[in-house]
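Undergrad: Input: one structure, supplied below.
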Amino acid sequence: MVKLEFEHRQAGHCESGVTRNLLNYHNFKISEPMAFGIGAGLFFSYLPFLKMQHAPTTSFRVWPGQVFDRATKELGVKTNIHTFRNPKDSMEKLNAVLEQGYPVGLQVGTFHLPFFPPEYRMHYNMHNMIVYGHDNGNYYISDTLMEHLVEINYEDLMRVRFAKGAFAPQGRMYYPTHVPTDIDIRPAIVKGIRKTANNMVGIPFPIIGVKGIRYLAGRMRKWEKRLGPEKASYYLGQVLRMEEEVGTAGAGFRFIYGAFLEEASVVLNQPWLKELSIEMGENANKWREFSYLGSRNCKKRGKPDQSYDFLADILLEVADREEKIFKKLSTIK
Amino acid sequence: MEENYNPVYKDKSYGQYRELSYSYQDGGKFEKTVGFHDETDRLVLQQAWDLFRERIEDARQRVLAGKASPVVYYMEKNLLDPLNLSMMAGISLWRVKWHFKPNVFKRLSAKTLQKYAEAFNITIDQLKKVD
């Protein structure tokens with residue numbers, strides 16, 4: 001039996017929260033927006049061909065696992081990452097690592113997760129949480145979505161670690177093994193910002209980044225005609241669920257990213273980043289307005305200020321703002 | 001985010017957990033708050049659960065009328081689509097769709113039924129009928 005001294009802190013986004021909490025355990029203090037920004041977590045893509053819960057996928061984040069991987073790599077932290085074929089092996093490895101005294105991050109599916117809020121129990125395989133001890137087949141969990149610490153038993157944990165379907169976690173576990181004491185986070189911040197700026201404005205592909213937002217706006221105008229009112233409003237609801245619900249801390253990570261820019265301007269001593277953080281905050285409020293009006297559209301259709309055309313115009317405005325912000329950010333030195 | 005628990009969901013067990021979220025106030029201040037779902041969250045989540053319930057009930061009626069096999073019902077009940085079901089059960093997509101026909105389902109081997117039963121986490125006897 002092991003139970004590590006682990007400080008649980010709630011976070012807006014599961015993966016950057018896990019990264020923050022794991023690094024905190026190794027005495028490297030970093031905030032959640034910082035972990036998110038260095039990990040270059042902000043993204044946008046609209047994938048009309050990949051259906052999730054009967055509607056196209058909209059993603060406001062990078063591939064699962066990348067925030068942790070990038071953040072630790074840029075900071076020079078040594079990590080171990082494992083995936084498994086055999087569920088029993090993965091549990092033995094987990095126990096062995098816990099005995100060594102490392103808390104472990106896990107990628108899990110949410111459908112069978114017993115402590116999870118019931119309204120979120122859909123098939124979503126990209127959730128992250130931390131195990132910080134075990135006792136007689138009972139595992140101690142720190143889930144950044146939850147306010148308090150929770151527990152889970154052996155069978156349930158094995159099932160959620162080997163949830164099948166799209167983006168199957170395959171028992172993925174990760175933990176930092178060595179955190180240097182003299183980390184200079186400034187180059188890591190610059191690299192993270194550059195990577196995000198490139199993701200948003202630098203990739204010449206129509207469904208990714210700022211172009212992806214414009215593409216979604218164009219598709220949205222045609223939804224009602226092509227799909228009928230019922231399905232169109234469900235498609236819109238799906239965009240909003242991805243924006244507000246799946247652990248984004250509001251407005252599709254734009255609030256977190258603004259907080260990151262604010263912090264970065266202090267650390268790097270570059271005041272122009274502070275101005276951009278204000279622009280990012282206003283942009284995030286625009287996203288928030290989009291989801292507010294959009295959700296009214298989902299509830300009751302037909303009002304002129306909540307039509308798909310009107311919402312698409314908001315998206316175009318947001319795309320223009322973000323293009324301006326990230327073009328400026330890509331020049332950072 | 002709202003400070004008090006506001007039971008607007010149709011299911012009483014929903015929306016009882018407090019979550020952390022960020023917000024931006026004019027003047028350049030980013031804030032962290034912990035609270036319950038606000039109306040936007042409730043509306044879009046409720047919309048998804050409404051659709052799921054509708055699809056489950058629809059599938060149940062179709063199975064009872066003999067127009068679809070119980071695989072369809074359990075697939076909807078587990079919130080799956082054919083592609084995800086094929087990944088979970090380890091059966092190819094076109095075969096999964098083929099098994100949606102009641103007559104085909106009746107002739108399935110015990111081995112295939114076992115695969116579906118494991119994917120849905122039920123017994124084979126349960127799989128053969130809807131509840």
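Identifiers in this document derive from the order of the structure tokens: chains are assigned A, B, ..., residues are numbered from 1 separately in each chain, and ligands are numbered from 1 in order of occurrence.
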Taking only C-alpha atoms into account and nothing else, which residues of chain B lie no more than 10 Å away from chain A? Please answer as number ranges by chain.

TA: B: 1, 9, 11, 13-34, 37, 39-49, 51-52, 78-81, 83-90, 119

Undergrad: Taking 2 positions as the minimum chain separation for residues in the same chain, which residues sit within 9 Å of segment 181-184 of chain A when counting only C-alpha atoms? Answer as a ChimeraX atom specification.

TA: /A:27-28,75-77,179,186-188

Undergrad: Mind dumping the selected residues with N, CA and C atoms as a PDB file, in the first residue's frame?

TA:
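Dumped to out_27.pdb:
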ATOM      1  N   ASN A  27       8.079  19.772  -6.928  1.00  0.00           N
ATOM      2  CA  ASN A  27       8.579  21.068  -6.459  1.00  0.00           C
ATOM      3  C   ASN A  27       8.928  22.033  -7.567  1.00  0.00           C
ATOM      4  N   PHE A  28       8.223  21.954  -8.695  1.00  0.00           N
ATOM      5  CA  PHE A  28       8.390  22.971  -9.707  1.00  0.00           C
ATOM      6  C   PHE A  28       7.065  23.696  -9.829  1.00  0.00           C
ATOM      7  N   LEU A  75      10.618  22.113 -21.123  1.00  0.00           N
ATOM      8  CA  LEU A  75      11.172  22.494 -19.822  1.00  0.00           C
ATOM      9  C   LEU A  75      12.356  21.624 -19.434  1.00  0.00           C
ATOM     10  N   GLY A  76      12.679  20.619 -20.236  1.00  0.00           N
ATOM     11  CA  GLY A  76      13.806  19.746 -19.924  1.00  0.00           C
ATOM     12  C   GLY A  76      13.516  18.765 -18.808  1.00  0.00           C
ATOM     13  N   VAL A  77      12.243  18.411 -18.624  1.00  0.00           N
ATOM     14  CA  VAL A  77      11.881  17.456 -17.589  1.00  0.00           C
ATOM     15  C   VAL A  77      11.920  16.058 -18.182  1.00  0.00           C
ATOM     16  N   VAL A 179      13.011  16.250 -12.432  1.00  0.00           N
ATOM     17  CA  VAL A 179      12.761  17.652 -12.741  1.00  0.00           C
ATOM     18  C   VAL A 179      13.979  18.454 -12.315  1.00  0.00           C
ATOM     19  N   ARG A 186      11.741  30.889 -19.869  1.00  0.00           N
ATOM     20  CA  ARG A 186      11.522  31.882 -20.922  1.00  0.00           C
ATOM     21  C   ARG A 186      11.608  31.309 -22.341  1.00  0.00           C
ATOM     22  N   PRO A 187      12.698  30.565 -22.681  1.00  0.00           N
ATOM     23  CA  PRO A 187      12.719  29.986 -24.041  1.00  0.00           C
ATOM     24  C   PRO A 187      11.551  29.043 -24.305  1.00  0.00           C
ATOM     25  N   ALA A 188      11.111  28.332 -23.252  1.00  0.00           N
ATOM     26  CA  ALA A 188       9.986  27.407 -23.423  1.00  0.00           C
ATOM     27  C   ALA A 188       8.718  28.166 -23.773  1.00  0.00           C
TER      28      ALA A 188
END

Undergrad: Find the spatial neighbours of Pro103 of chain A, counting only C-alpha atoms, within a cut-off of 7 Å - ignore same-chain residues fewer than 4 positions away - and output them as a ChimeraX atom specification.

TA: /A:98,130-132,175

Undergrad: Write a file of the selected residues as a tab-separated table (two decimals), in the first residue's frame, keeping C-alpha atoms.

TA:
chain	number	residue	atom	x	y	z
A	98	LEU	CA	3.58	4.09	-7.30
A	130	ILE	CA	-3.68	11.30	-11.57
A	131	VAL	CA	-3.25	8.20	-9.39
A	132	TYR	CA	-1.34	8.97	-6.21
A	175	TYR	CA	4.99	10.55	-15.11

Undergrad: Point out the residue among A:Pro271, A:Gly65, A:Pro56, A:Pro176 with the least atom-to-atom distance to Ala40 of chain A, counting only C-alpha atoms.

TA: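 Residue with the minimum atom-to-atom distance to Ala40 of chain A: A:Gly65.
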
Undergrad: Could you pull out all residues of segment 2-135 of chain A with a DSSP call of alpha helix (DSSP H) and give them as JSON, numbers by chain?

TA: {"A": [14, 15, 16, 17, 18, 19, 20, 21, 22, 23, 24, 25, 32, 33, 34, 35, 36, 37, 38, 66, 67, 68, 69, 70, 71, 72, 73, 74, 75, 87, 88, 89, 90, 91, 92, 93, 94, 95, 96, 97, 98, 99]}

Undergrad: Save out the residues we just selected, N, CA and C atoms, as a short mmCIF file (atom, residue, chain, number, x, y, z; two decimals), in the first residue's frame.

TA:
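Result went into result.cif, see below:
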data_model
loop_
_atom_site.label_atom_id
_atom_site.label_comp_id
_atom_site.auth_asym_id
_atom_site.auth_seq_id
_atom_site.Cartn_x
_atom_site.Cartn_y
_atom_site.Cartn_z
N CYS A 14 -8.35 19.31 -18.14
CA CYS A 14 -7.82 18.14 -17.45
C CYS A 14 -6.33 17.95 -17.69
N GLU A 15 -5.89 18.07 -18.95
CA GLU A 15 -4.51 17.69 -19.20
C GLU A 15 -3.50 18.71 -18.68
N SER A 16 -3.78 20.00 -18.89
CA SER A 16 -2.82 20.98 -18.36
C SER A 16 -2.87 21.00 -16.84
N GLY A 17 -4.06 20.70 -16.27
CA GLY A 17 -4.15 20.60 -14.81
C GLY A 17 -3.32 19.45 -14.29
N VAL A 18 -3.37 18.32 -14.99
CA VAL A 18 -2.57 17.16 -14.59
C VAL A 18 -1.09 17.49 -14.69
N THR A 19 -0.69 18.13 -15.80
CA THR A 19 0.71 18.51 -15.97
C THR A 19 1.17 19.42 -14.84
N ARG A 20 0.33 20.43 -14.54
CA ARG A 20 0.65 21.35 -13.45
C ARG A 20 0.79 20.61 -12.13
N ASN A 21 -0.18 19.76 -11.80
CA ASN A 21 -0.14 19.08 -10.51
C ASN A 21 1.03 18.13 -10.39
N LEU A 22 1.37 17.44 -11.49
CA LEU A 22 2.51 16.52 -11.43
C LEU A 22 3.82 17.29 -11.23
N LEU A 23 3.97 18.41 -11.95
CA LEU A 23 5.20 19.20 -11.79
C LEU A 23 5.26 19.82 -10.40
N ASN A 24 4.09 20.24 -9.89
CA ASN A 24 4.04 20.79 -8.54
C ASN A 24 4.53 19.79 -7.51
N TYR A 25 4.16 18.52 -7.71
CA TYR A 25 4.58 17.48 -6.78
C TYR A 25 6.10 17.39 -6.73
N GLU A 32 -1.56 26.79 -14.13
CA GLU A 32 -2.21 25.99 -15.17
C GLU A 32 -2.13 26.65 -16.54
N PRO A 33 -2.46 27.98 -16.65
CA PRO A 33 -2.33 28.61 -17.97
C PRO A 33 -0.93 28.49 -18.54
N MET A 34 0.08 28.55 -17.66
CA MET A 34 1.47 28.44 -18.10
C MET A 34 1.73 27.07 -18.71
N ALA A 35 1.29 26.02 -18.01
CA ALA A 35 1.48 24.66 -18.54
C ALA A 35 0.77 24.51 -19.87
N PHE A 36 -0.42 25.10 -19.97
CA PHE A 36 -1.20 25.01 -21.20
C PHE A 36 -0.50 25.75 -22.34
N GLY A 37 0.02 26.95 -22.05
CA GLY A 37 0.66 27.76 -23.08
C GLY A 37 1.97 27.16 -23.56
N ILE A 38 2.80 26.67 -22.63
CA ILE A 38 4.07 26.06 -23.03
C ILE A 38 3.81 24.78 -23.81
N GLN A 66 -0.47 15.76 -26.09
CA GLN A 66 0.57 16.65 -26.58
C GLN A 66 0.93 17.75 -25.60
N VAL A 67 -0.05 18.21 -24.80
CA VAL A 67 0.25 19.29 -23.86
C VAL A 67 1.31 18.82 -22.87
N PHE A 68 1.10 17.63 -22.30
CA PHE A 68 2.08 17.10 -21.35
C PHE A 68 3.42 16.87 -22.04
N ASP A 69 3.39 16.21 -23.21
CA ASP A 69 4.63 15.88 -23.90
C ASP A 69 5.45 17.12 -24.23
N ARG A 70 4.78 18.11 -24.82
CA ARG A 70 5.50 19.32 -25.23
C ARG A 70 6.00 20.10 -24.04
N ALA A 71 5.11 20.30 -23.04
CA ALA A 71 5.50 21.12 -21.90
C ALA A 71 6.71 20.52 -21.20
N THR A 72 6.70 19.21 -20.95
CA THR A 72 7.83 18.61 -20.24
C THR A 72 9.08 18.62 -21.10
N LYS A 73 8.93 18.43 -22.41
CA LYS A 73 10.10 18.42 -23.28
C LYS A 73 10.76 19.79 -23.31
N GLU A 74 9.92 20.85 -23.48
CA GLU A 74 10.49 22.20 -23.55
C GLU A 74 11.13 22.61 -22.24
N LEU A 75 10.62 22.11 -21.12
CA LEU A 75 11.17 22.49 -19.82
C LEU A 75 12.36 21.62 -19.43
N PRO A 87 -3.94 -5.57 -20.23
CA PRO A 87 -4.41 -4.77 -19.10
C PRO A 87 -3.75 -5.14 -17.77
N LYS A 88 -3.51 -6.44 -17.54
CA LYS A 88 -2.92 -6.86 -16.25
C LYS A 88 -1.51 -6.29 -16.10
N ASP A 89 -0.72 -6.34 -17.20
CA ASP A 89 0.63 -5.78 -17.16
C ASP A 89 0.59 -4.31 -16.76
N SER A 90 -0.38 -3.59 -17.35
CA SER A 90 -0.42 -2.15 -17.13
C SER A 90 -0.69 -1.86 -15.65
N MET A 91 -1.55 -2.70 -15.00
CA MET A 91 -1.85 -2.45 -13.60
C MET A 91 -0.64 -2.77 -12.72
N GLU A 92 0.11 -3.84 -13.11
CA GLU A 92 1.31 -4.17 -12.33
C GLU A 92 2.34 -3.06 -12.43
N LYS A 93 2.50 -2.54 -13.67
CA LYS A 93 3.46 -1.45 -13.87
C LYS A 93 3.04 -0.22 -13.05
N LEU A 94 1.72 0.05 -13.05
CA LEU A 94 1.22 1.20 -12.28
C LEU A 94 1.57 1.04 -10.81
N ASN A 95 1.31 -0.16 -10.26
CA ASN A 95 1.63 -0.40 -8.85
C ASN A 95 3.13 -0.20 -8.59
N ALA A 96 3.96 -0.75 -9.50
CA ALA A 96 5.41 -0.67 -9.30
C ALA A 96 5.87 0.79 -9.28
N VAL A 97 5.32 1.61 -10.20
CA VAL A 97 5.74 3.02 -10.25
C VAL A 97 5.29 3.76 -9.00
N LEU A 98 4.07 3.44 -8.52
CA LEU A 98 3.58 4.09 -7.30
C LEU A 98 4.46 3.72 -6.11
N GLU A 99 4.91 2.44 -6.04
CA GLU A 99 5.80 2.01 -4.95
C GLU A 99 7.09 2.82 -4.96
#

Undergrad: Excluding Pro82 of chain B and residues on its chain fewer than 5 positions from it, collect all residues at most 9 Å away from it, counting only C-alpha atoms, and give them as a PyMOL selection string.

TA: chain B and resi 72+75+87+93-94+96-97

Undergrad: Mind checking which residues fall within 10 Å of segment 136-139 of chain A, counting only C-alpha atoms, ignoring those fewer than 4 positions away in the same chain, and posting them as a PyMOL selection string?

TA: chain A and resi 1-3+95+131-132+150-157

Undergrad: To one decimal place in Å, what is the distance between atom CA of Ile56 of chain B and atom CA of Tyr73 of chain B?

TA: 6.4 Å

Undergrad: Hey, can you check how far atom CA of Ile325 of chain A sits from atom CA of Leu50 of chain A?

TA: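 Interatomic distance, atom CA of Ile325 of chain A to atom CA of Leu50 of chain A: 28.8 Å.
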
Undergrad: How far is it from atom CA of Ala197 of chain A to atom CA of Arg172 of chain A, in Å with one decimal?

TA: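 Distance reported for this atom pair: 28.5 Å.
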